[in-house]
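Undergrad: Contents of input09.csv (CSV, C-alpha atoms) are given next:
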```csv
chain,number,residue,atom,x,y,z
A,1,MET,CA,-0.4,-0.7,8.5
A,2,ASN,CA,-0.3,3.0,9.3
A,3,TYR,CA,3.2,4.2,10.2
A,4,SER,CA,2.6,7.3,12.2
A,5,ARG,CA,6.0,7.7,13.8
A,6,ILE,CA,9.0,7.6,11.5
A,7,THR,CA,12.6,8.4,12.0
A,8,VAL,CA,14.7,9.5,9.0
A,9,PHE,CA,18.4,9.4,9.4
A,10,GLY,CA,20.1,12.1,7.3
A,11,GLY,CA,16.8,13.9,7.3
A,12,SER,CA,18.2,17.4,6.5
A,13,GLY,CA,20.2,16.3,3.4
A,14,PHE,CA,19.3,16.8,-0.2
A,15,LEU,CA,17.3,13.6,-0.4
A,16,GLY,CA,16.4,13.3,3.3
A,17,ARG,CA,14.5,16.6,3.5
A,18,GLN,CA,12.3,15.5,0.6
A,19,ILE,CA,11.6,12.3,2.3
A,20,VAL,CA,10.7,14.0,5.6
A,21,TRP,CA,8.3,16.4,3.9
A,22,ARG,CA,6.7,13.7,1.8
A,23,LEU,CA,6.0,11.5,4.9
A,24,ALA,CA,4.7,14.5,6.8
A,25,GLU,CA,2.2,15.1,3.9
A,26,ASP,CA,0.7,11.7,4.9
A,27,GLY,CA,0.3,12.9,8.5
A,28,ALA,CA,3.2,11.1,10.0
A,29,HIS,CA,5.2,12.5,12.9
A,30,VAL,CA,8.7,12.5,11.6
A,31,ARG,CA,12.0,12.7,13.5
A,32,ALA,CA,14.9,14.0,11.3
A,33,ALA,CA,17.9,12.3,12.9
A,34,VAL,CA,20.9,14.5,12.0
A,35,ARG,CA,24.3,15.4,13.5
A,36,HIS,CA,23.4,19.1,13.6
A,37,PRO,CA,19.8,19.6,14.7
A,38,GLU,CA,20.2,23.3,15.0
A,39,ARG,CA,20.8,23.5,11.2
A,40,ALA,CA,17.7,21.5,10.5
A,41,SER,CA,15.1,23.9,11.8
A,42,PHE,CA,14.1,24.8,8.3
A,43,LEU,CA,12.4,21.4,8.0
A,44,THR,CA,9.6,22.4,10.4
A,45,LYS,CA,8.4,25.2,8.2
A,46,GLU,CA,6.8,22.7,5.8
A,47,SER,CA,4.5,21.0,8.3
A,48,LYS,CA,2.1,21.5,11.2
A,49,ALA,CA,3.6,22.5,14.6
A,50,GLY,CA,5.3,19.5,16.3
A,51,GLN,CA,4.9,17.2,13.3
A,52,ILE,CA,8.6,17.3,12.3
A,53,THR,CA,11.3,17.2,15.0
A,54,PRO,CA,15.0,17.4,14.4
A,55,VAL,CA,17.0,15.2,16.8
A,56,TYR,CA,20.7,14.6,17.3
A,57,ALA,CA,22.0,11.2,16.0
A,58,ASP,CA,25.3,10.0,14.6
A,59,VAL,CA,25.2,6.6,12.9
A,60,TRP,CA,28.6,5.8,14.4
A,61,ASP,CA,27.3,6.4,17.9
A,62,GLU,CA,25.0,3.6,18.8
A,63,ALA,CA,23.5,5.3,21.9
A,64,THR,CA,22.3,8.2,19.8
A,65,VAL,CA,20.9,5.9,17.1
A,66,ALA,CA,19.0,3.9,19.8
A,67,ARG,CA,17.4,7.1,21.1
A,68,ALA,CA,16.5,8.3,17.7
A,69,VAL,CA,14.6,5.1,16.8
A,70,ASN,CA,12.9,4.6,20.2
A,71,GLY,CA,9.2,4.5,19.7
A,72,ALA,CA,9.3,4.7,15.9
A,73,ASP,CA,7.1,2.5,13.7
A,74,ALA,CA,9.4,2.9,10.7
A,75,VAL,CA,12.9,4.0,10.0
A,76,ILE,CA,14.5,5.4,6.8
A,77,ASN,CA,18.3,5.5,6.5
A,78,THR,CA,19.6,8.0,3.9
A,79,VAL,CA,23.0,8.6,5.3
A,80,GLY,CA,25.9,8.4,2.8
A,81,HIS,CA,28.7,10.4,1.3
A,82,TYR,CA,31.0,10.3,-1.8
A,83,VAL,CA,34.2,11.5,-0.2
A,84,GLU,CA,36.0,9.9,2.8
A,85,GLN,CA,37.1,12.4,5.5
A,86,GLY,CA,39.1,11.2,8.5
A,87,LYS,CA,37.2,8.6,10.4
A,88,SER,CA,34.2,9.1,8.1
A,89,THR,CA,35.2,6.3,5.8
A,90,PHE,CA,32.9,4.6,3.3
A,91,GLU,CA,33.0,1.4,5.4
A,92,ALA,CA,32.3,3.3,8.6
A,93,ILE,CA,29.3,5.2,7.2
A,94,HIS,CA,27.8,2.9,4.6
A,95,GLY,CA,28.8,-0.3,6.4
A,96,GLN,CA,29.1,-0.1,10.2
A,97,GLY,CA,26.8,2.9,10.5
A,98,ALA,CA,24.1,1.3,8.4
A,99,MET,CA,24.4,-1.8,10.6
A,100,HIS,CA,24.0,0.3,13.8
A,101,VAL,CA,20.7,1.7,12.4
A,102,ALA,CA,19.4,-1.7,11.5
A,103,LYS,CA,20.4,-3.3,14.8
A,104,ALA,CA,18.9,-0.5,16.9
A,105,SER,CA,15.7,-0.6,14.8
A,106,ARG,CA,15.2,-4.3,15.3
A,107,ALA,CA,15.9,-4.0,19.1
A,108,ALA,CA,13.4,-1.2,19.3
A,109,GLY,CA,10.6,-3.2,17.7
A,110,VAL,CA,10.5,-1.0,14.5
A,111,HIS,CA,8.1,-2.6,12.0
A,112,ARG,CA,9.7,-1.3,8.7
A,113,LEU,CA,13.2,-0.3,7.7
A,114,VAL,CA,14.0,1.3,4.4
A,115,HIS,CA,17.7,1.6,3.5
A,116,ILE,CA,19.0,3.8,0.7
A,117,SER,CA,21.9,2.2,-1.1
A,118,GLY,CA,23.1,2.9,-4.6
A,119,LEU,CA,22.7,1.5,-8.1
A,120,GLY,CA,25.4,-1.0,-8.9
A,121,ALA,CA,26.3,-2.0,-5.3
A,122,ASP,CA,28.8,-4.8,-5.8
A,123,PRO,CA,31.1,-6.5,-3.3
A,124,ALA,CA,33.6,-7.2,-6.1
A,125,SER,CA,33.8,-3.6,-7.3
A,126,ASP,CA,37.2,-1.8,-7.5
A,127,SER,CA,35.5,1.3,-6.0
A,128,PRO,CA,35.6,1.4,-2.2
A,129,TYR,CA,32.4,3.4,-2.3
A,130,VAL,CA,30.5,0.8,-4.3
A,131,ARG,CA,32.0,-2.1,-2.2
A,132,ALA,CA,30.9,-0.3,1.0
A,133,ARG,CA,27.4,0.1,-0.3
A,134,SER,CA,27.2,-3.6,-0.9
A,135,ILE,CA,28.7,-4.5,2.5
A,136,GLY,CA,26.2,-2.2,4.1
A,137,GLU,CA,23.3,-3.9,2.4
A,138,ARG,CA,24.5,-7.3,3.7
A,139,LEU,CA,25.0,-6.0,7.2
A,140,VAL,CA,21.6,-4.4,7.2
A,141,LYS,CA,19.9,-7.6,5.8
A,142,ASP,CA,21.6,-9.7,8.5
A,143,ALA,CA,20.5,-7.3,11.3
A,144,PHE,CA,17.0,-6.6,9.9
A,145,PRO,CA,15.9,-9.3,7.5
A,146,GLY,CA,12.7,-7.5,6.4
A,147,ALA,CA,14.5,-4.3,5.3
A,148,THR,CA,13.6,-2.8,2.0
A,149,PHE,CA,16.5,-1.5,-0.2
A,150,LEU,CA,16.3,1.3,-2.6
A,151,ARG,CA,19.2,1.8,-5.1
A,152,PRO,CA,18.9,5.1,-6.9
A,153,SER,CA,21.0,6.2,-9.8
A,154,VAL,CA,22.2,9.8,-9.9
A,155,ILE,CA,19.6,11.9,-8.0
A,156,PHE,CA,18.6,15.3,-9.5
A,157,GLY,CA,16.5,18.2,-8.4
A,158,PRO,CA,16.9,21.7,-7.0
A,159,GLU,CA,20.1,21.9,-5.0
A,160,ASP,CA,21.5,18.7,-6.5
A,161,ALA,CA,25.2,18.2,-6.6
A,162,PHE,CA,25.3,16.8,-10.1
A,163,PHE,CA,23.6,19.2,-12.5
A,164,ASN,CA,24.3,22.3,-10.4
A,165,ARG,CA,28.0,21.6,-10.4
A,166,LEU,CA,28.0,21.0,-14.2
A,167,ALA,CA,26.3,24.3,-14.7
A,168,ALA,CA,28.7,26.1,-12.5
A,169,LEU,CA,31.7,24.7,-14.4
A,170,ALA,CA,30.1,25.5,-17.7
A,171,ARG,CA,29.5,29.1,-16.7
A,172,GLY,CA,33.1,29.5,-15.5
A,173,MET,CA,35.1,27.6,-18.1
A,174,PRO,CA,35.4,28.0,-21.9
A,175,VAL,CA,36.2,24.3,-22.3
A,176,LEU,CA,34.7,21.3,-20.5
A,177,PRO,CA,36.7,18.1,-20.2
A,178,LEU,CA,34.7,14.8,-20.4
A,179,PHE,CA,35.2,11.6,-18.5
A,180,GLY,CA,37.0,9.6,-21.2
A,181,ARG,CA,34.9,10.2,-24.3
A,182,GLY,CA,31.8,11.0,-22.3
A,183,GLU,CA,30.2,7.6,-23.1
A,184,THR,CA,29.4,6.4,-19.6
A,185,MET,CA,25.7,5.8,-19.4
A,186,LEU,CA,23.6,7.3,-16.6
A,187,GLN,CA,19.9,7.2,-15.7
A,188,PRO,CA,19.2,10.2,-13.5
A,189,VAL,CA,16.2,9.9,-11.1
A,190,TYR,CA,14.2,12.8,-9.7
A,191,VAL,CA,14.5,13.4,-6.0
A,192,GLY,CA,10.8,13.7,-5.6
A,193,ASP,CA,10.3,10.2,-7.2
A,194,VAL,CA,12.7,8.7,-4.7
A,195,ALA,CA,10.8,10.3,-1.8
A,196,GLU,CA,7.6,9.0,-3.3
A,197,ALA,CA,9.1,5.5,-3.7
A,198,ILE,CA,9.8,5.4,0.1
A,199,ALA,CA,6.2,6.4,0.9
A,200,ARG,CA,4.9,3.7,-1.5
A,201,ALA,CA,7.3,1.1,-0.1
A,202,LEU,CA,6.1,1.7,3.4
A,203,ALA,CA,2.5,1.4,2.2
A,204,THR,CA,3.3,-1.9,0.4
A,205,PRO,CA,3.7,-5.0,2.7
A,206,ALA,CA,5.1,-6.9,-0.3
A,207,ALA,CA,8.0,-4.5,-0.4
A,208,GLU,CA,9.5,-6.0,2.8
A,209,GLY,CA,12.8,-7.6,2.1
A,210,MET,CA,12.9,-6.4,-1.5
A,211,VAL,CA,15.4,-4.5,-3.6
A,212,TYR,CA,14.3,-1.7,-6.0
A,213,GLU,CA,16.5,0.0,-8.5
A,214,LEU,CA,15.5,3.6,-9.2
A,215,GLY,CA,16.2,5.4,-12.4
A,216,GLY,CA,14.5,8.0,-14.6
A,217,PRO,CA,12.6,7.2,-17.8
A,218,HIS,CA,15.6,7.8,-20.0
A,219,VAL,CA,19.3,6.7,-20.2
A,220,TYR,CA,21.9,9.3,-21.3
A,221,SER,CA,25.6,9.4,-22.0
A,222,TYR,CA,27.5,11.7,-19.8
A,223,LYS,CA,28.3,13.8,-22.8
A,224,ALA,CA,24.5,14.1,-23.6
A,225,LEU,CA,23.8,15.3,-20.1
A,226,VAL,CA,26.6,18.0,-20.3
A,227,GLN,CA,25.0,19.1,-23.6
A,228,LEU,CA,21.6,19.2,-22.0
A,229,VAL,CA,23.0,21.5,-19.2
A,230,LEU,CA,24.7,23.8,-21.8
A,231,MET,CA,21.4,24.1,-23.7
A,232,GLN,CA,19.5,24.9,-20.5
A,233,ILE,CA,21.9,27.7,-19.4
A,234,GLY,CA,22.3,29.1,-22.9
A,235,ARG,CA,26.1,28.5,-23.2
A,236,LYS,CA,28.3,27.0,-26.0
A,237,ARG,CA,31.4,25.3,-24.8
A,238,LEU,CA,34.0,23.0,-26.4
A,239,LEU,CA,33.8,19.5,-25.1
A,240,PHE,CA,36.9,17.4,-25.3
A,241,PRO,CA,37.7,13.8,-24.3
A,242,PHE,CA,40.0,13.6,-21.2
A,243,PRO,CA,41.4,10.1,-20.4
A,244,PHE,CA,40.5,8.5,-17.1
A,245,PHE,CA,44.2,8.0,-16.1
A,246,ALA,CA,44.6,11.8,-16.3
A,247,TRP,CA,41.5,12.3,-14.1
A,248,GLU,CA,43.1,10.0,-11.6
A,249,VAL,CA,46.3,12.0,-11.6
A,250,LEU,CA,44.3,15.2,-11.0
A,251,ALA,CA,42.3,13.5,-8.2
A,252,GLY,CA,45.6,12.8,-6.4
A,253,LEU,CA,46.5,16.5,-6.2
A,254,PRO,CA,46.1,18.4,-2.9
A,255,ASN,CA,43.4,20.8,-4.2
A,256,ARG,CA,41.5,18.2,-6.1
A,257,LEU,CA,38.0,18.8,-7.5
A,258,LEU,CA,37.0,15.2,-7.1
A,259,SER,CA,38.4,12.0,-5.5
A,260,ARG,CA,39.9,9.0,-7.2
A,261,ASP,CA,36.8,7.0,-6.2
A,262,GLN,CA,34.5,9.5,-8.0
A,263,VAL,CA,36.6,8.9,-11.1
A,264,ARG,CA,36.2,5.2,-10.8
A,265,LEU,CA,32.4,5.6,-10.5
A,266,MET,CA,32.4,7.4,-13.8
A,267,LYS,CA,34.1,4.5,-15.6
A,268,LYS,CA,31.0,2.3,-15.2
A,269,ASP,CA,27.5,2.7,-16.5
A,270,ASN,CA,24.9,3.5,-13.8
A,271,VAL,CA,21.6,2.2,-15.1
A,272,VAL,CA,18.7,0.1,-13.9
A,273,GLY,CA,18.9,-3.7,-14.5
A,274,ALA,CA,16.6,-5.3,-17.1
A,275,GLN,CA,15.0,-7.6,-14.5
A,276,ALA,CA,15.0,-5.2,-11.5
A,277,LEU,CA,12.0,-4.0,-9.5
A,278,THR,CA,11.7,-0.3,-10.3
A,279,LEU,CA,9.6,2.9,-9.8
A,280,PHE,CA,7.1,1.3,-12.1
A,281,THR,CA,6.7,-1.6,-9.7
A,282,LEU,CA,5.7,0.8,-7.0
A,283,GLY,CA,3.2,2.5,-9.4
A,284,ILE,CA,5.4,5.6,-10.0
A,285,GLU,CA,5.8,7.1,-13.5
A,286,PRO,CA,9.4,8.4,-13.5
A,287,THR,CA,9.9,12.1,-14.1
A,288,PRO,CA,12.2,13.1,-17.0
A,289,VAL,CA,15.2,15.3,-16.5
A,290,GLU,CA,13.9,17.7,-19.2
A,291,ALA,CA,10.7,18.4,-17.1
A,292,ILE,CA,12.6,19.5,-14.0
A,293,LEU,CA,15.9,21.0,-15.1
A,294,PRO,CA,14.3,24.3,-16.3
A,295,THR,CA,12.9,24.9,-12.8
A,296,TYR,CA,16.3,25.4,-11.3
A,297,LEU,CA,18.9,25.9,-14.1
A,298,GLY,CA,18.8,28.9,-16.4
```
Turn the structure described in the file into structure tokens.

TA:
Amino acid sequence: MNYSRITVFGGSGFLGRQIVWRLAEDGAHVRAAVRHPERASFLTKESKAGQITPVYADVWDEATVARAVNGADAVINTVGHYVEQGKSTFEAIHGQGAMHVAKASRAAGVHRLVHISGLGADPASDSPYVRARSIGERLVKDAFPGATFLRPSVIFGPEDAFFNRLAALARGMPVLPLFGRGETMLQPVYVGDVAEAIARALATPAAEGMVYELGGPHVYSYKALVQLVLMQIGRKRLLFPFPFFAWEVLAGLPNRLLSRDQVRLMKKDNVVGAQALTLFTLGIEPTPVEAILPTYLG
């Protein structure tokens, strides 16, 4: 089926904008549902006039969600965050907010819903972020049984928060602390591959109701990724182990660089499961970090 009218929640974000542009390439008319439409005008420069339209929507405000999905053939929800701020808790955004999108989509007669979750979503996790991701998946599944779930690992690409932040720290500090011994395993996935996965999932009827785990072609230790960044920016830095309990103490300080939940996330490997449906299942050859990092770090 040809989905010509698509709403993307979080359409101006790091991942969302790539999804909006990728779907527009296929000729779809895309609504970028965001909290600040006036800041999303840059999206329209990558398409024909009128093809991409920023609209106001807040996943916690059901009326705005309903307006954003009205008349849509398909809906993509990319909304998420790693730090809780006031009422924007993990449960509110990843749980209740995701449910609002799913319920409104079903009520509006939307044919396909793709929900972006996260690798390792687990209701028993000690991480509120990971638990909320899992709760969100369940609520979405209950409200829209045919929803497709994509669980990406760490997403990289120009303007990413992961590699760019590592590079900034490496440029400004003579010594870089690791999380523990830097042995946590990660499988970074290219943002363009995630956007392509959404396009492929929409074009694949068999993807309805399925869960895909998205990772790149290689698994790295955190230490190896730090070393990769140092090599790319031409710096030599001392790397030293820094225990997780010390990170948690730092995360509790007023001017913290990261939250306690982000520290918890770094305690557990973030890799694709051996039996999972993957990018390969959707016919996508994953892009290696080494092919993209030189295009925006250096």

Undergrad: What does the distance between CA of Pro54 (chain A) and CA of Pro145 (chain A) come to in Å, to one decimal place?

TA: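 Separation between CA of Pro54 (chain A) and CA of Pro145 (chain A): 27.6 Å.
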
Undergrad: So, counting only C-alpha atoms, which residue among A:Glu196, A:Phe14, A:Val83, A:Thr44 is closest to Arg256 (chain A)?

TA: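 Ranking A:Glu196, A:Phe14, A:Val83, A:Thr44 by distance to Arg256 (chain A), first place goes to A:Val83.
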
Undergrad: Dump as number ranges by chain all residues having an atom at most 10 Å from (36.3, 15.1, -4.7), computed in the file's coordinates with all atoms listed in the file.

TA: A: 82-84, 251-252, 255-263

Undergrad: Would you kindly identify which residues have an atom no farther than 7 Å from (33.9, 15.0, -26.4), using only C-alpha atoms and the file's own coordinates, and write them out as a PyMOL selection string?

TA: chain A and resi 178+181-182+223+239-241

Undergrad: Using the selection just defined, write its residues with C-alpha atoms as a PDB file, in the frame of the given file.

TA:
```
ATOM      1  CA  LEU A 178      34.700  14.800 -20.400  1.00  0.00           C
ATOM      2  CA  ARG A 181      34.900  10.200 -24.300  1.00  0.00           C
ATOM      3  CA  GLY A 182      31.800  11.000 -22.300  1.00  0.00           C
ATOM      4  CA  LYS A 223      28.300  13.800 -22.800  1.00  0.00           C
ATOM      5  CA  LEU A 239      33.800  19.500 -25.100  1.00  0.00           C
ATOM      6  CA  PHE A 240      36.900  17.400 -25.300  1.00  0.00           C
ATOM      7  CA  PRO A 241      37.700  13.800 -24.300  1.00  0.00           C
TER       8      PRO A 241
END
```

Undergrad: How many Å lie between CA of Leu139 (chain A) and CA of Asp61 (chain A), rounded to one decimal?

TA: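 These two atoms are separated by 16.5 Å.
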
Undergrad: How would region 148-163 of chain A read, as a PDB file, in the frame of the given file, once N, CA and C atoms are built in?

TA:
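Below you can see selection00.pdb, which holds the result:
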```pdb
ATOM      1  N   THR A 148      13.804  -3.073   3.412  1.00  0.00           N
ATOM      2  CA  THR A 148      13.600  -2.800   2.000  1.00  0.00           C
ATOM      3  C   THR A 148      14.789  -1.917   1.529  1.00  0.00           C
ATOM      4  N   PHE A 149      15.358  -2.266   0.362  1.00  0.00           N
ATOM      5  CA  PHE A 149      16.500  -1.500  -0.200  1.00  0.00           C
ATOM      6  C   PHE A 149      16.149  -0.795  -1.423  1.00  0.00           C
ATOM      7  N   LEU A 150      16.493   0.484  -1.445  1.00  0.00           N
ATOM      8  CA  LEU A 150      16.300   1.300  -2.600  1.00  0.00           C
ATOM      9  C   LEU A 150      17.682   1.695  -3.165  1.00  0.00           C
ATOM     10  N   ARG A 151      17.915   1.430  -4.452  1.00  0.00           N
ATOM     11  CA  ARG A 151      19.200   1.800  -5.100  1.00  0.00           C
ATOM     12  C   ARG A 151      18.978   2.795  -6.173  1.00  0.00           C
ATOM     13  N   PRO A 152      19.065   4.072  -5.853  1.00  0.00           N
ATOM     14  CA  PRO A 152      18.900   5.100  -6.900  1.00  0.00           C
ATOM     15  C   PRO A 152      20.108   5.316  -7.734  1.00  0.00           C
ATOM     16  N   SER A 153      19.886   5.762  -8.965  1.00  0.00           N
ATOM     17  CA  SER A 153      21.000   6.200  -9.800  1.00  0.00           C
ATOM     18  C   SER A 153      21.302   7.651  -9.365  1.00  0.00           C
ATOM     19  N   VAL A 154      21.948   8.433 -10.201  1.00  0.00           N
ATOM     20  CA  VAL A 154      22.200   9.800  -9.900  1.00  0.00           C
ATOM     21  C   VAL A 154      20.927  10.558  -9.590  1.00  0.00           C
ATOM     22  N   ILE A 155      20.826  11.198  -8.426  1.00  0.00           N
ATOM     23  CA  ILE A 155      19.600  11.900  -8.000  1.00  0.00           C
ATOM     24  C   ILE A 155      19.678  13.344  -8.410  1.00  0.00           C
ATOM     25  N   PHE A 156      18.632  13.845  -9.072  1.00  0.00           N
ATOM     26  CA  PHE A 156      18.600  15.300  -9.500  1.00  0.00           C
ATOM     27  C   PHE A 156      17.416  15.988  -8.925  1.00  0.00           C
ATOM     28  N   GLY A 157      17.520  17.305  -8.926  1.00  0.00           N
ATOM     29  CA  GLY A 157      16.500  18.200  -8.400  1.00  0.00           C
ATOM     30  C   GLY A 157      17.101  19.462  -7.939  1.00  0.00           C
ATOM     31  N   PRO A 158      16.304  20.456  -7.580  1.00  0.00           N
ATOM     32  CA  PRO A 158      16.900  21.700  -7.000  1.00  0.00           C
ATOM     33  C   PRO A 158      17.868  21.418  -5.926  1.00  0.00           C
ATOM     34  N   GLU A 159      18.999  22.084  -5.968  1.00  0.00           N
ATOM     35  CA  GLU A 159      20.100  21.900  -5.000  1.00  0.00           C
ATOM     36  C   GLU A 159      20.869  20.651  -5.155  1.00  0.00           C
ATOM     37  N   ASP A 160      20.677  19.931  -6.271  1.00  0.00           N
ATOM     38  CA  ASP A 160      21.500  18.700  -6.500  1.00  0.00           C
ATOM     39  C   ASP A 160      22.937  19.051  -6.668  1.00  0.00           C
ATOM     40  N   ALA A 161      23.789  18.047  -6.450  1.00  0.00           N
ATOM     41  CA  ALA A 161      25.200  18.200  -6.600  1.00  0.00           C
ATOM     42  C   ALA A 161      25.678  17.972  -8.038  1.00  0.00           C
ATOM     43  N   PHE A 162      24.874  17.266  -8.808  1.00  0.00           N
ATOM     44  CA  PHE A 162      25.300  16.800 -10.100  1.00  0.00           C
ATOM     45  C   PHE A 162      25.098  17.937 -11.198  1.00  0.00           C
ATOM     46  N   PHE A 163      23.857  18.270 -11.485  1.00  0.00           N
ATOM     47  CA  PHE A 163      23.600  19.200 -12.500  1.00  0.00           C
ATOM     48  C   PHE A 163      24.026  20.657 -12.142  1.00  0.00           C
TER      49      PHE A 163
END
```
